[in-house]
Amino acid sequence: MRIGIVTLFPEIFNVLTEYGISSKAMQKSLISLECWNPRSYAVDARRTVDDKPFGGGPGMLMKTEPLVTAIQAAKAGVRQESQDGAMQEAKVVYLSPQGKPLNQIDVVELSKRPNMVLVCGRYQGIDTRVIDSEIDEEWSLGDFVISGGELAAMTLIDAMIRLQPGALGNENSSQEDSFMTGLLHSPEYTRPQEFAGKKVPSVLLSGDHEAIRVWRLKQSLGSTWLKRPDLLELLNLDGEQKELLKQFINEYDARNQIGP
Ligand code: 9WO
């Protein structure tokens, strides 16, 4: 996957090239990042990349012309020819609080694309007409504001990288990740066997793989019911899952003296 990034601060992305799974994925050429800086396309002597919003107010917007030129250069830069000779245009993606809320299903879809351009906003963002003319998709990582789109773009890139075939070792398959099932992860334990007055659940020490699978599934369902009931609404639980969740709820209510 080829990712073009439009950013005033390309050095921020060095973190991805220098550390962890993302750096390994780049060494293996599973993914490539190329940055396009609007400042390189600023034409005045001061290389201005910000501009005042019409209507006034305290902040600034990204200056339109250098931004649009950088977006178009990035699109041309990551455009590539597919097997059948057709040109594959990159979708231009903008990350902002106004975007569609992104979830793991969306990330799986995005991660399959051959290329994309990520536009990183700064200041108060970009002119609405630039969104209309240049941006194909606007995504949000959540209802909060950060200082610029770079950290959001890096978060999306990281999420996509770990889904590229070969990016993770077999020992930590992304298939097992939280959310791949639409459920939260079950609690996890490591040594020591007793910590803060609490023992590791004995089933995890039993070596009985089927009992462990059932226990983990039940805990996943229970955690999701307790912490993120909104996620459960989206799922069609199978018979086993319904039964395990019913058991979890009954045991939870019994512990908390709820019910008859
Ligand atoms: C800055 C600002 C300053 C004064 C008054 C209002 C203001 N709004 C903003 C603002 O929203 N700036 C954004 C910063 C412009 C686009 C890039 N930035 C950004 C992206 N912040 N938060 C995100 C983001 C992206 C994806 N998911 C969650 C948040």
# chains A, B, ... in the order shown; residues from 1 in each chain; ligands from 1
call {"tool": "residues_around", "arguments": {"residues": "A:Asp51", "least_positions_apart": "3", "cutoff": "10 Å", "atoms": "only C-alpha atoms", "output": "PyMOL selection string"}}
result
chain A and resi 48+54+59-64+123+126-127
call {"tool": "write_last_selection", "arguments": {"atoms": "N, CA and C atoms", "output": "mmCIF file, in the first residue's frame"}}
result
data_model
loop_
_atom_site.group_PDB
_atom_site.id
_atom_site.type_symbol
_atom_site.label_atom_id
_atom_site.label_comp_id
_atom_site.auth_asym_id
_atom_site.auth_seq_id
_atom_site.Cartn_x
_atom_site.Cartn_y
_atom_site.Cartn_z
ATOM 1 N N THR A 48 4.179 31.368 2.761
ATOM 2 C CA THR A 48 3.023 31.373 3.664
ATOM 3 C C THR A 48 2.120 30.163 3.419
ATOM 4 N N PHE A 54 -12.449 34.191 6.508
ATOM 5 C CA PHE A 54 -13.454 35.228 6.279
ATOM 6 C C PHE A 54 -14.431 35.226 7.448
ATOM 7 N N GLY A 59 -8.426 32.325 15.042
ATOM 8 C CA GLY A 59 -7.506 31.350 14.444
ATOM 9 C C GLY A 59 -7.184 31.608 12.978
ATOM 10 N N MET A 60 -6.484 30.678 12.397
ATOM 11 C CA MET A 60 -6.121 30.728 10.979
ATOM 12 C C MET A 60 -6.590 29.434 10.314
ATOM 13 N N LEU A 61 -6.662 29.483 8.977
ATOM 14 C CA LEU A 61 -6.937 28.284 8.187
ATOM 15 C C LEU A 61 -5.696 27.965 7.363
ATOM 16 N N MET A 62 -5.667 26.764 6.795
ATOM 17 C CA MET A 62 -4.577 26.451 5.875
ATOM 18 C C MET A 62 -4.805 27.251 4.595
ATOM 19 N N LYS A 63 -3.737 27.820 4.078
ATOM 20 C CA LYS A 63 -3.840 28.613 2.854
ATOM 21 C C LYS A 63 -4.197 27.686 1.693
ATOM 22 N N THR A 64 -5.176 28.123 0.888
ATOM 23 C CA THR A 64 -5.790 27.224 -0.093
ATOM 24 C C THR A 64 -4.839 26.737 -1.192
ATOM 25 N N TYR A 123 -4.006 24.215 12.230
ATOM 26 C CA TYR A 123 -4.754 25.426 12.602
ATOM 27 C C TYR A 123 -6.225 25.050 12.807
ATOM 28 N N ILE A 126 -9.395 23.463 7.074
ATOM 29 C CA ILE A 126 -9.288 23.875 5.675
ATOM 30 C C ILE A 126 -10.610 24.438 5.164
ATOM 31 N N ASP A 127 -10.507 25.260 4.149
ATOM 32 C CA ASP A 127 -11.653 25.897 3.489
ATOM 33 C C ASP A 127 -12.643 24.815 3.031
#
call {"tool": "residues_near_ligand", "arguments": {"ligand": "ligand 1", "cutoff": "6 Å", "atoms": "only C-alpha atoms and all ligand atoms", "output": "ChimeraX atom specification"}}
result
/A:59,95-97,121-125,140-142,144-149,152
call {"tool": "write_last_selection", "arguments": {"atoms": "N, CA, C and O atoms", "output": "compact mmCIF listing (two decimals), in the first residue's frame"}}
result
# COMPACT_ATOMS: atom_id res chain seq x y z
N GLY A 59 -8.43 32.32 15.04
CA GLY A 59 -7.51 31.35 14.44
C GLY A 59 -7.18 31.61 12.98
O GLY A 59 -7.54 32.64 12.41
N LEU A 95 -8.85 13.59 7.89
CA LEU A 95 -9.22 13.16 9.24
C LEU A 95 -9.59 14.38 10.06
O LEU A 95 -8.77 15.29 10.24
N SER A 96 -10.82 14.39 10.56
CA SER A 96 -11.28 15.54 11.34
C SER A 96 -12.44 15.11 12.22
O SER A 96 -13.06 14.06 11.98
N PRO A 97 -12.74 15.90 13.25
CA PRO A 97 -13.88 15.56 14.12
C PRO A 97 -15.21 15.57 13.37
O PRO A 97 -16.20 15.03 13.86
N GLY A 121 -4.81 18.22 8.46
CA GLY A 121 -5.16 19.61 8.72
C GLY A 121 -4.32 20.19 9.84
O GLY A 121 -3.82 19.46 10.70
N ARG A 122 -4.15 21.50 9.82
CA ARG A 122 -3.51 22.24 10.92
C ARG A 122 -4.35 23.48 11.17
O ARG A 122 -5.25 23.79 10.41
N TYR A 123 -4.01 24.21 12.23
CA TYR A 123 -4.75 25.43 12.60
C TYR A 123 -6.23 25.05 12.81
O TYR A 123 -6.52 24.02 13.42
N GLN A 124 -7.15 25.87 12.27
CA GLN A 124 -8.58 25.56 12.42
C GLN A 124 -9.10 24.68 11.30
O GLN A 124 -10.30 24.44 11.22
N GLY A 125 -8.21 24.22 10.43
CA GLY A 125 -8.64 23.32 9.37
C GLY A 125 -8.53 23.93 8.00
O GLY A 125 -7.67 24.79 7.76
N SER A 140 -13.51 10.40 11.25
CA SER A 140 -13.18 10.83 12.61
C SER A 140 -12.74 9.64 13.45
O SER A 140 -13.31 8.55 13.33
N LEU A 141 -11.75 9.85 14.30
CA LEU A 141 -11.31 8.80 15.24
C LEU A 141 -12.06 8.90 16.57
O LEU A 141 -11.88 8.07 17.45
N GLY A 142 -12.86 9.94 16.74
CA GLY A 142 -13.59 10.09 18.00
C GLY A 142 -13.95 11.54 18.23
O GLY A 142 -13.48 12.42 17.53
N PHE A 144 -13.21 14.27 19.86
CA PHE A 144 -12.25 15.08 20.59
C PHE A 144 -11.44 15.86 19.57
O PHE A 144 -11.47 15.55 18.38
N VAL A 145 -10.74 16.89 20.04
CA VAL A 145 -9.95 17.73 19.14
C VAL A 145 -8.48 17.63 19.51
O VAL A 145 -8.13 17.67 20.69
N ILE A 146 -7.63 17.47 18.51
CA ILE A 146 -6.18 17.50 18.72
C ILE A 146 -5.63 18.67 17.90
O ILE A 146 -6.38 19.41 17.27
N SER A 147 -4.33 18.86 17.93
CA SER A 147 -3.76 20.10 17.37
C SER A 147 -3.55 20.05 15.87
O SER A 147 -3.30 21.08 15.25
N GLY A 148 -3.64 18.85 15.30
CA GLY A 148 -3.45 18.73 13.87
C GLY A 148 -3.75 17.31 13.45
O GLY A 148 -3.84 16.42 14.29
N GLY A 149 -3.90 17.09 12.15
CA GLY A 149 -4.30 15.78 11.66
C GLY A 149 -3.21 14.72 11.69
O GLY A 149 -3.49 13.54 11.49
N ALA A 152 -3.65 11.79 14.12
CA ALA A 152 -4.79 10.99 13.67
C ALA A 152 -4.39 10.15 12.45
O ALA A 152 -4.71 8.95 12.38
call {"tool": "closest_residue", "arguments": {"among": "A:Leu184, A:Ala45, A:Val93, A:Met26", "to": "A:Trp139", "atoms": "only C-alpha atoms"}}
result
A:Val93
call {"tool": "residues_around", "arguments": {"residues": "A:Arg2", "least_positions_apart": "5", "cutoff": "7 Å", "atoms": "only C-alpha atoms", "output": "list in words"}}
result
Ile31, Ser32, Leu33, Val78, Pro114, Asn115 and Met116 of chain A
call {"tool": "write_last_selection", "arguments": {"atoms": "C-alpha atoms", "output": "compact mmCIF listing (two decimals), in the first residue's frame"}}
result
# COMPACT_ATOMS: atom_id res chain seq x y z
CA ILE A 31 3.64 -0.12 2.99
CA SER A 32 5.32 3.09 1.85
CA LEU A 33 4.86 6.64 3.09
CA VAL A 78 0.90 7.60 -5.49
CA PRO A 114 -3.47 -0.08 -3.16
CA ASN A 115 -2.97 3.61 -2.36
CA MET A 116 -4.44 6.64 -0.64
call {"tool": "residues_around", "arguments": {"residues": "A:Leu163", "least_positions_apart": "2", "cutoff": "9 Å", "atoms": "only C-alpha atoms", "output": "ChimeraX atom specification"}}
result
/A:107-108,111-112,158-161,165-168,174-175
call {"tool": "atom_distance", "arguments": {"atom1": "atom CA of A:Gln193", "atom2": "atom CA of A:Leu205"}}
result
9.3 Å
call {"tool": "select_by_dssp", "arguments": {"residues": "stretch 57-133 of chain A", "states": "strand (DSSP E)", "output": "VMD selection string"}}
result
chain A and resid 61 to 62 80 to 81 87 to 88 91 to 101 115 to 119
call {"tool": "residues_around", "arguments": {"residues": "stretch 227-230 of chain A", "least_positions_apart": "5", "cutoff": "10 Å", "atoms": "only C-alpha atoms", "output": "PyMOL selection string"}}
result
chain A and resi 183-184+221-222+235
call {"tool": "write_last_selection", "arguments": {"atoms": "N, CA, C and O atoms", "output": "PDB file, in the first residue's frame"}}
result
ATOM      1  N   LEU A 183     -16.425  -7.857  19.602  1.00  0.00           N
ATOM      2  CA  LEU A 183     -16.519  -7.884  21.069  1.00  0.00           C
ATOM      3  C   LEU A 183     -15.247  -7.308  21.681  1.00  0.00           C
ATOM      4  O   LEU A 183     -14.194  -7.296  21.065  1.00  0.00           O
ATOM      5  N   LEU A 184     -15.353  -6.884  22.943  1.00  0.00           N
ATOM      6  CA  LEU A 184     -14.149  -6.503  23.680  1.00  0.00           C
ATOM      7  C   LEU A 184     -13.369  -7.758  24.050  1.00  0.00           C
ATOM      8  O   LEU A 184     -13.913  -8.856  24.115  1.00  0.00           O
ATOM      9  N   LEU A 221     -18.013 -11.541  26.073  1.00  0.00           N
ATOM     10  CA  LEU A 221     -19.425 -11.147  25.993  1.00  0.00           C
ATOM     11  C   LEU A 221     -19.812 -10.331  27.217  1.00  0.00           C
ATOM     12  O   LEU A 221     -20.468  -9.288  27.109  1.00  0.00           O
ATOM     13  N   GLY A 222     -19.353 -10.778  28.399  1.00  0.00           N
ATOM     14  CA  GLY A 222     -19.687 -10.094  29.645  1.00  0.00           C
ATOM     15  C   GLY A 222     -19.076  -8.702  29.717  1.00  0.00           C
ATOM     16  O   GLY A 222     -19.751  -7.731  30.081  1.00  0.00           O
ATOM     17  N   LEU A 235     -24.501  -6.851  16.990  1.00  0.00           N
ATOM     18  CA  LEU A 235     -24.149  -8.239  16.683  1.00  0.00           C
ATOM     19  C   LEU A 235     -25.363  -9.142  16.658  1.00  0.00           C
ATOM     20  O   LEU A 235     -26.352  -8.894  17.341  1.00  0.00           O
TER      21      LEU A 235
END
call {"tool": "decode", "arguments": {"residues": "stretch 66-167 of chain A", "atoms": "C-alpha atoms", "output": "mmCIF file, in the first residue's frame"}}
result
data_model
loop_
_atom_site.group_PDB
_atom_site.id
_atom_site.type_symbol
_atom_site.label_atom_id
_atom_site.label_comp_id
_atom_site.auth_asym_id
_atom_site.auth_seq_id
_atom_site.Cartn_x
_atom_site.Cartn_y
_atom_site.Cartn_z
ATOM 1 C CA PRO A 66 -0.365 25.529 -1.584
ATOM 2 C CA LEU A 67 -2.645 22.950 0.069
ATOM 3 C CA VAL A 68 -4.502 22.095 -3.143
ATOM 4 C CA THR A 69 -1.282 21.943 -5.155
ATOM 5 C CA ALA A 70 0.244 19.577 -2.574
ATOM 6 C CA ILE A 71 -2.865 17.346 -2.596
ATOM 7 C CA GLN A 72 -2.752 17.103 -6.388
ATOM 8 C CA ALA A 73 0.984 16.359 -6.368
ATOM 9 C CA ALA A 74 0.414 13.626 -3.767
ATOM 10 C CA LYS A 75 -2.384 12.078 -5.868
ATOM 11 C CA ALA A 76 -0.159 12.046 -8.935
ATOM 12 C CA GLY A 77 2.711 10.673 -6.841
ATOM 13 C CA VAL A 78 0.898 7.604 -5.487
ATOM 14 C CA ARG A 79 -1.123 6.868 -8.637
ATOM 15 C CA GLN A 80 -0.166 3.467 -9.963
ATOM 16 C CA GLU A 81 -0.908 1.028 -12.732
ATOM 17 C CA SER A 82 -2.724 -2.203 -11.822
ATOM 18 C CA GLN A 83 -2.139 -5.670 -13.388
ATOM 19 C CA ASP A 84 -4.648 -4.993 -16.181
ATOM 20 C CA GLY A 85 -3.037 -1.671 -17.089
ATOM 21 C CA ALA A 86 -5.755 0.502 -15.569
ATOM 22 C CA MET A 87 -4.651 3.515 -13.540
ATOM 23 C CA GLN A 88 -5.597 3.345 -9.867
ATOM 24 C CA GLU A 89 -6.450 6.783 -8.545
ATOM 25 C CA ALA A 90 -5.887 7.314 -4.832
ATOM 26 C CA LYS A 91 -8.826 8.377 -2.692
ATOM 27 C CA VAL A 92 -8.094 11.573 -0.767
ATOM 28 C CA VAL A 93 -8.889 11.118 2.925
ATOM 29 C CA TYR A 94 -9.227 13.903 5.517
ATOM 30 C CA LEU A 95 -9.217 13.163 9.243
ATOM 31 C CA SER A 96 -11.280 15.541 11.345
ATOM 32 C CA PRO A 97 -13.876 15.558 14.116
ATOM 33 C CA GLN A 98 -16.493 16.234 11.399
ATOM 34 C CA GLY A 99 -15.801 12.893 9.681
ATOM 35 C CA LYS A 100 -17.682 9.587 9.806
ATOM 36 C CA PRO A 101 -16.758 7.694 12.990
ATOM 37 C CA LEU A 102 -14.096 5.125 12.038
ATOM 38 C CA ASN A 103 -14.273 1.554 13.355
ATOM 39 C CA GLN A 104 -12.260 -1.622 12.800
ATOM 40 C CA ILE A 105 -14.532 -2.791 9.957
ATOM 41 C CA ASP A 106 -13.781 0.476 8.124
ATOM 42 C CA VAL A 107 -10.049 0.049 8.806
ATOM 43 C CA VAL A 108 -10.165 -3.461 7.292
ATOM 44 C CA GLU A 109 -11.701 -2.009 4.113
ATOM 45 C CA LEU A 110 -9.259 0.926 3.943
ATOM 46 C CA SER A 111 -6.297 -1.415 4.501
ATOM 47 C CA LYS A 112 -7.087 -3.318 1.276
ATOM 48 C CA ARG A 113 -6.577 -0.296 -0.975
ATOM 49 C CA PRO A 114 -3.469 -0.076 -3.164
ATOM 50 C CA ASN A 115 -2.972 3.614 -2.364
ATOM 51 C CA MET A 116 -4.444 6.641 -0.637
ATOM 52 C CA VAL A 117 -3.687 10.274 0.160
ATOM 53 C CA LEU A 118 -4.073 11.431 3.772
ATOM 54 C CA VAL A 119 -4.525 15.180 4.250
ATOM 55 C CA CYS A 120 -3.391 16.436 7.661
ATOM 56 C CA GLY A 121 -5.163 19.612 8.724
ATOM 57 C CA ARG A 122 -3.510 22.242 10.921
ATOM 58 C CA TYR A 123 -4.754 25.426 12.602
ATOM 59 C CA GLN A 124 -8.584 25.560 12.424
ATOM 60 C CA GLY A 125 -8.636 23.319 9.373
ATOM 61 C CA ILE A 126 -9.288 23.875 5.675
ATOM 62 C CA ASP A 127 -11.653 25.897 3.489
ATOM 63 C CA THR A 128 -14.971 24.054 2.976
ATOM 64 C CA ARG A 129 -14.636 24.398 -0.796
ATOM 65 C CA VAL A 130 -11.338 22.492 -0.652
ATOM 66 C CA ILE A 131 -13.145 19.703 1.218
ATOM 67 C CA ASP A 132 -15.851 19.688 -1.463
ATOM 68 C CA SER A 133 -13.455 19.709 -4.425
ATOM 69 C CA GLU A 134 -10.451 17.693 -3.205
ATOM 70 C CA ILE A 135 -11.530 15.382 -0.346
ATOM 71 C CA ASP A 136 -13.209 12.059 -1.167
ATOM 72 C CA GLU A 137 -13.747 10.815 2.402
ATOM 73 C CA GLU A 138 -13.727 12.445 5.837
ATOM 74 C CA TRP A 139 -13.221 10.167 8.864
ATOM 75 C CA SER A 140 -13.178 10.834 12.612
ATOM 76 C CA LEU A 141 -11.315 8.804 15.242
ATOM 77 C CA GLY A 142 -13.593 10.086 17.996
ATOM 78 C CA ASP A 143 -15.286 13.102 19.483
ATOM 79 C CA PHE A 144 -12.246 15.079 20.592
ATOM 80 C CA VAL A 145 -9.953 17.734 19.138
ATOM 81 C CA ILE A 146 -6.184 17.502 18.716
ATOM 82 C CA SER A 147 -3.760 20.098 17.375
ATOM 83 C CA GLY A 148 -3.450 18.728 13.868
ATOM 84 C CA GLY A 149 -4.302 15.780 11.659
ATOM 85 C CA GLU A 150 -0.840 14.160 11.853
ATOM 86 C CA LEU A 151 -1.404 12.079 14.990
ATOM 87 C CA ALA A 152 -4.794 10.991 13.665
ATOM 88 C CA ALA A 153 -3.218 10.013 10.318
ATOM 89 C CA MET A 154 -0.474 8.064 12.111
ATOM 90 C CA THR A 155 -3.089 6.264 14.171
ATOM 91 C CA LEU A 156 -4.991 5.258 11.029
ATOM 92 C CA ILE A 157 -1.757 4.213 9.286
ATOM 93 C CA ASP A 158 -0.762 2.072 12.280
ATOM 94 C CA ALA A 159 -4.188 0.403 12.314
ATOM 95 C CA MET A 160 -3.927 -0.349 8.563
ATOM 96 C CA ILE A 161 -0.316 -1.560 8.725
ATOM 97 C CA ARG A 162 -1.041 -4.271 11.261
ATOM 98 C CA LEU A 163 -3.680 -5.694 8.877
ATOM 99 C CA GLN A 164 -1.257 -6.000 5.940
ATOM 100 C CA PRO A 165 -0.499 -9.688 5.303
ATOM 101 C CA GLY A 166 2.903 -10.446 6.851
ATOM 102 C CA ALA A 167 3.052 -7.389 9.110
#
